[in-house]
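One structure below.
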Amino acid sequence: MGGSYDVIVVGAGIIGLSCGYYLTKQGQRVVVLESGGFADGASGACDDMILFQSKKPGINLELAFESLELYRSLVGDLDDPLGFENYGGMVLIENQRELEVMEEFVSQQKSYGLDVEILSKAEMRKKQPFLDERFIASTYSPMDSQAYPFAVMHRFARKGREMGMQIVHHAPVIGIERDGSGIFSVTTTQKLIYKAPVIVNAGGAWAGKIASLVGEYVPMEPRRGQIVITEKVPSIGDTNLWSARYLVSKLKTGMEIESTEEERRLGLGFAFTRTEGDSYLIGSTREYVGFDKRTTMEGIRAIINQATSFIPVLKDVNFIRAIAGLRPATPDGKMILGEHAALSGFFTAAGHEGDGISLAPITGKLLAQMVCDGSVQPRLEELSPNRFSQDRTEVS
Ligand SMILES: Cc1cc2nc3c(=O)[nH]c(=O)nc-3n(C[C@H](O)[C@H](O)[C@H](O)COP(=O)(O)OP(=O)(O)OC[C@H]3O[C@@H](n4cnc5c(N)ncnc54)[C@H](O)[C@@H]3O)c2cc1C
């Protein structure tokens, strides 16, 4: 194929497809180049949560509110329910110290506009009668929602194509050059050349490698997550679930979390979400193991042991699949969104770590505004790729 376009998007995960969809909607001629097949990256191996309760007040929470509204409107625009559900979520609390941290966190989130509260043990058990007795309380937010990532990607792709967007699978980008007139030439392994004045690097965990093809610096580390999937089962409780333990450690409270060496190595957290197919996704690990996206016996065993001890009825349920994906992690836990100061026309939209499903629609919409209007909202400066230029100087 090859050819000339207004924008080349590299990577057809949920972020690349969202960017492609919104750019095409704004009248841009877009090609999306993907090294693998459909949903080959993290977006095809993840949970489905549009999750609020994990987010500190700040830009991520603010954008999650906006993304939820976009999801609601996309259900109509894309003619598809997208597996969009609004079961709400609870964060399970095991001890007094976790409770204190979560009370403080919940009050911060409430003052930022999140509908969230602490439930007593009795209130918690009303919504979740199958929980182990160890949990002393929980949070509850009716806002936590979910969307089926495959359906979202499929619809962005189909609707984008109907408007003229091209998607080329099995087209790994291996070279990017820019000529004196500012036109990029992108080469794939098939030796085909695609040209455009704008490139969007939506390579997820691989975004650093893609940026390095043009000498740009994007600090991105793959963070593996493993998930186990159950057979179809009747509903177990009213909401989706997480444990406070991992969240509390992430909030950097200085609080010592009792954990085994294996739990630390695996970065084991607990997430329990019901799918539209009536199975449960149970996760997950957060491991730094390079680009290795295999599942492991150790990971699967740890996830199942934890799940069956938290929800004992799961001992009677069949676990039918395990998957692993590479979350794209940045050093400061915020996505990278914007144009590179040293290379005009080169944008990065990556680094959503555990929030890419939540933030996909708003990322695509904001990226398309940046490209088409040539302006950046001041609040988005903290997401700019240029915030890392100092680190690059120190590294080199
Ligand atoms: C276990 C697990 C659970 C998760 N749960 C949630 C959740 O509940 N809610 C949530 O919001 N997020 C969740 N996430 C995070 C979410 O999956 C990611 O943030 C999101 O999928 C990232 O999307 P992406 O498009 O940036 O990356 P990817 O989906 O990885 O897409 C990047 C694409 O770029 C392609 N690519 C790479 N290099 C090249 C190249 N040289 N040329 C062409 N193409 C290239 C790759 O093949 C890949 O398809 C979870 C992740 C995991 C692993």
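Simple scheme: letters A, B, ... for chains in structure tokens order, numbers from 1 for residues in each chain, numbers from 1 for ligands in the order shown.
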
Discussion item. Please identify the strand (DSSP E) residues within range 166-382 of chain A (assignment by DSSP from backbone atoms) and present them as a PyMOL selection string.
Written reply: chain A and resi 166-168+173-178+184-188+193-196+198-201+221-230+240-243+271-274+280-283+319-329+336-339+346-350

Residues of chain A that approach ligand 1 to 7 Å or less, counting only C-alpha atoms and all ligand atoms: could you list each one with the shortest pair of atoms and its distance in Å to one decimal, rows by chain and increasing residue number, as CSV?
residue,atom,partner,partner_atom_place_in_ligand_line,distance
A:Val10,CA,ligand 1,43 (C),5.1
A:Gly11,CA,ligand 1,34 (O),3.4
A:Ala12,CA,ligand 1,33 (C),5.1
A:Gly13,CA,ligand 1,25 (O),3.3
A:Ile14,CA,ligand 1,25 (O),4.2
A:Ile15,CA,ligand 1,25 (O),3.8
A:Gly16,CA,ligand 1,25 (O),5.4
A:Leu33,CA,ligand 1,43 (C),5.3
A:Glu34,CA,ligand 1,44 (N),3.7
A:Ser35,CA,ligand 1,43 (C),3.9
A:Gly36,CA,ligand 1,47 (O),5.0
A:Ala39,CA,ligand 1,49 (O),5.8
A:Asp40,CA,ligand 1,49 (O),4.6
A:Gly41,CA,ligand 1,30 (O),3.5
A:Ala42,CA,ligand 1,30 (O),3.9
A:Ser43,CA,ligand 1,21 (O),3.3
A:Gly44,CA,ligand 1,29 (O),6.4
A:Ala45,CA,ligand 1,53 (C),5.9
A:Cys46,CA,ligand 1,3 (C),3.7
A:Asp47,CA,ligand 1,5 (N),3.7
A:Asp48,CA,ligand 1,8 (O),4.3
A:Met49,CA,ligand 1,8 (O),3.6
A:Ile50,CA,ligand 1,11 (O),5.5
A:Leu51,CA,ligand 1,9 (N),6.4
A:Ala171,CA,ligand 1,43 (C),6.0
A:Pro172,CA,ligand 1,42 (N),3.7
A:Val173,CA,ligand 1,42 (N),3.8
A:Ile174,CA,ligand 1,41 (N),5.8
A:Ala202,CA,ligand 1,26 (O),5.7
A:Gly203,CA,ligand 1,34 (O),3.6
A:Gly204,CA,ligand 1,26 (O),3.5
A:Ala205,CA,ligand 1,30 (O),5.9
A:Trp206,CA,ligand 1,37 (C),4.9
A:Ala207,CA,ligand 1,38 (N),6.8
A:Ile210,CA,ligand 1,41 (N),5.6
A:Arg224,CA,ligand 1,53 (C),5.8
A:Gly225,CA,ligand 1,1 (C),3.7
A:Gln226,CA,ligand 1,1 (C),4.9
A:Ile227,CA,ligand 1,1 (C),5.4
A:Gly283,CA,ligand 1,1 (C),6.4
A:Ser284,CA,ligand 1,1 (C),5.6
A:Thr285,CA,ligand 1,1 (C),6.8
A:Ala324,CA,ligand 1,1 (C),5.9
A:Gly325,CA,ligand 1,53 (C),3.8
A:Leu326,CA,ligand 1,53 (C),4.9
A:Arg327,CA,ligand 1,53 (C),4.8
A:Pro328,CA,ligand 1,19 (O),6.2
A:Ala350,CA,ligand 1,26 (O),4.9
A:Gly351,CA,ligand 1,26 (O),6.3
A:His352,CA,ligand 1,19 (O),4.5
A:Glu353,CA,ligand 1,19 (O),4.4
A:Gly354,CA,ligand 1,15 (C),3.7
A:Asp355,CA,ligand 1,11 (O),3.3
A:Gly356,CA,ligand 1,19 (O),3.1
A:Ile357,CA,ligand 1,11 (O),3.4
A:Ser358,CA,ligand 1,11 (O),3.8
A:Leu359,CA,ligand 1,11 (O),6.3

Could you turn the residues from that selection into a file that holds C-alpha atoms, as a compact mmCIF listing (two decimals), in the first residue's frame?
# COMPACT_ATOMS: atom_id res chain seq x y z
CA VAL A 10 1.63 4.12 14.78
CA GLY A 11 -0.07 1.43 16.88
CA ALA A 12 -3.67 0.18 16.65
CA GLY A 13 -4.40 -0.44 20.32
CA ILE A 14 -7.36 1.32 21.94
CA ILE A 15 -5.38 4.59 22.08
CA GLY A 16 -4.21 4.53 18.44
CA LEU A 33 -0.05 1.19 11.07
CA GLU A 34 -0.02 -1.82 13.40
CA SER A 35 2.76 -4.34 13.74
CA GLY A 36 0.45 -7.20 14.74
CA ALA A 39 -5.94 -6.15 19.60
CA ASP A 40 -2.42 -7.56 19.77
CA GLY A 41 -1.20 -5.23 22.52
CA ALA A 42 -2.31 -4.52 26.09
CA SER A 43 -5.77 -3.47 24.89
CA GLY A 44 -6.51 -7.08 23.97
CA ALA A 45 -5.30 -8.53 27.29
CA CYS A 46 -6.75 -6.38 30.04
CA ASP A 47 -9.68 -5.71 32.33
CA ASP A 48 -12.50 -3.49 31.18
CA MET A 49 -12.82 -0.90 33.90
CA ILE A 50 -13.52 2.78 33.66
CA LEU A 51 -12.28 3.12 37.17
CA ALA A 171 2.91 -3.51 9.23
CA PRO A 172 5.65 -2.96 11.84
CA VAL A 173 7.17 0.50 11.56
CA ILE A 174 10.94 0.17 11.38
CA ALA A 202 0.47 5.40 19.96
CA GLY A 203 2.74 2.42 20.50
CA GLY A 204 1.76 1.69 24.12
CA ALA A 205 4.60 -0.08 25.91
CA TRP A 206 6.63 0.16 22.68
CA ALA A 207 6.27 3.96 22.41
CA ILE A 210 9.06 4.08 18.18
CA ARG A 224 3.14 -6.97 32.80
CA GLY A 225 -0.33 -7.78 34.08
CA GLN A 226 -1.71 -11.31 34.26
CA ILE A 227 -5.44 -12.05 34.54
CA GLY A 283 -6.38 -9.98 38.36
CA SER A 284 -3.77 -9.00 38.45
CA THR A 285 -0.03 -8.74 38.63
CA ALA A 324 -1.15 -11.27 30.06
CA GLY A 325 -0.57 -7.80 28.65
CA LEU A 326 2.06 -5.09 28.92
CA ARG A 327 0.83 -1.89 30.54
CA PRO A 328 2.70 1.15 29.23
CA ALA A 350 0.89 6.66 25.20
CA GLY A 351 1.77 5.69 28.75
CA HIS A 352 -1.69 5.13 30.23
CA GLU A 353 -0.47 2.22 32.33
CA GLY A 354 -3.58 0.79 34.05
CA ASP A 355 -5.95 3.47 32.73
CA GLY A 356 -5.91 3.14 28.96
CA ILE A 357 -9.45 1.77 28.68
CA SER A 358 -10.79 4.46 31.02
CA LEU A 359 -9.00 7.27 29.21

Practice prompt. Find the residue from A:Arg134, A:Arg301, A:Lys110, A:Arg158 that sits nearest to Lys55 in chain A; use only C-alpha atoms when measuring.
Written response: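 Comparing A:Arg134, A:Arg301, A:Lys110, A:Arg158 against Lys55 in chain A, the winner is A:Lys110.
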
Worksheet item: Residues at most 12 Å from Gln377 in chain A, counting only C-alpha atoms, excluding those fewer than 6 positions away in the same chain, as a list in words?
Response: Leu337, Gly338, Leu366, Leu367, Gln369, Met370, Leu383 and Ser384 of chain A

Worksheet, complete the sentence: Pairwise distance, CA of Phe52 in chain A with CA of Glu261 in chain A, equals 29.1 Å

Worksheet item: Which is closer to Ile336 in chain A than all the others in A:Ile311, A:Leu380, A:Val228, A:Ile320, using only C-alpha atoms?
Response: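 Nearest candidate to Ile336 in chain A out of A:Ile311, A:Leu380, A:Val228, A:Ile320: A:Leu380.
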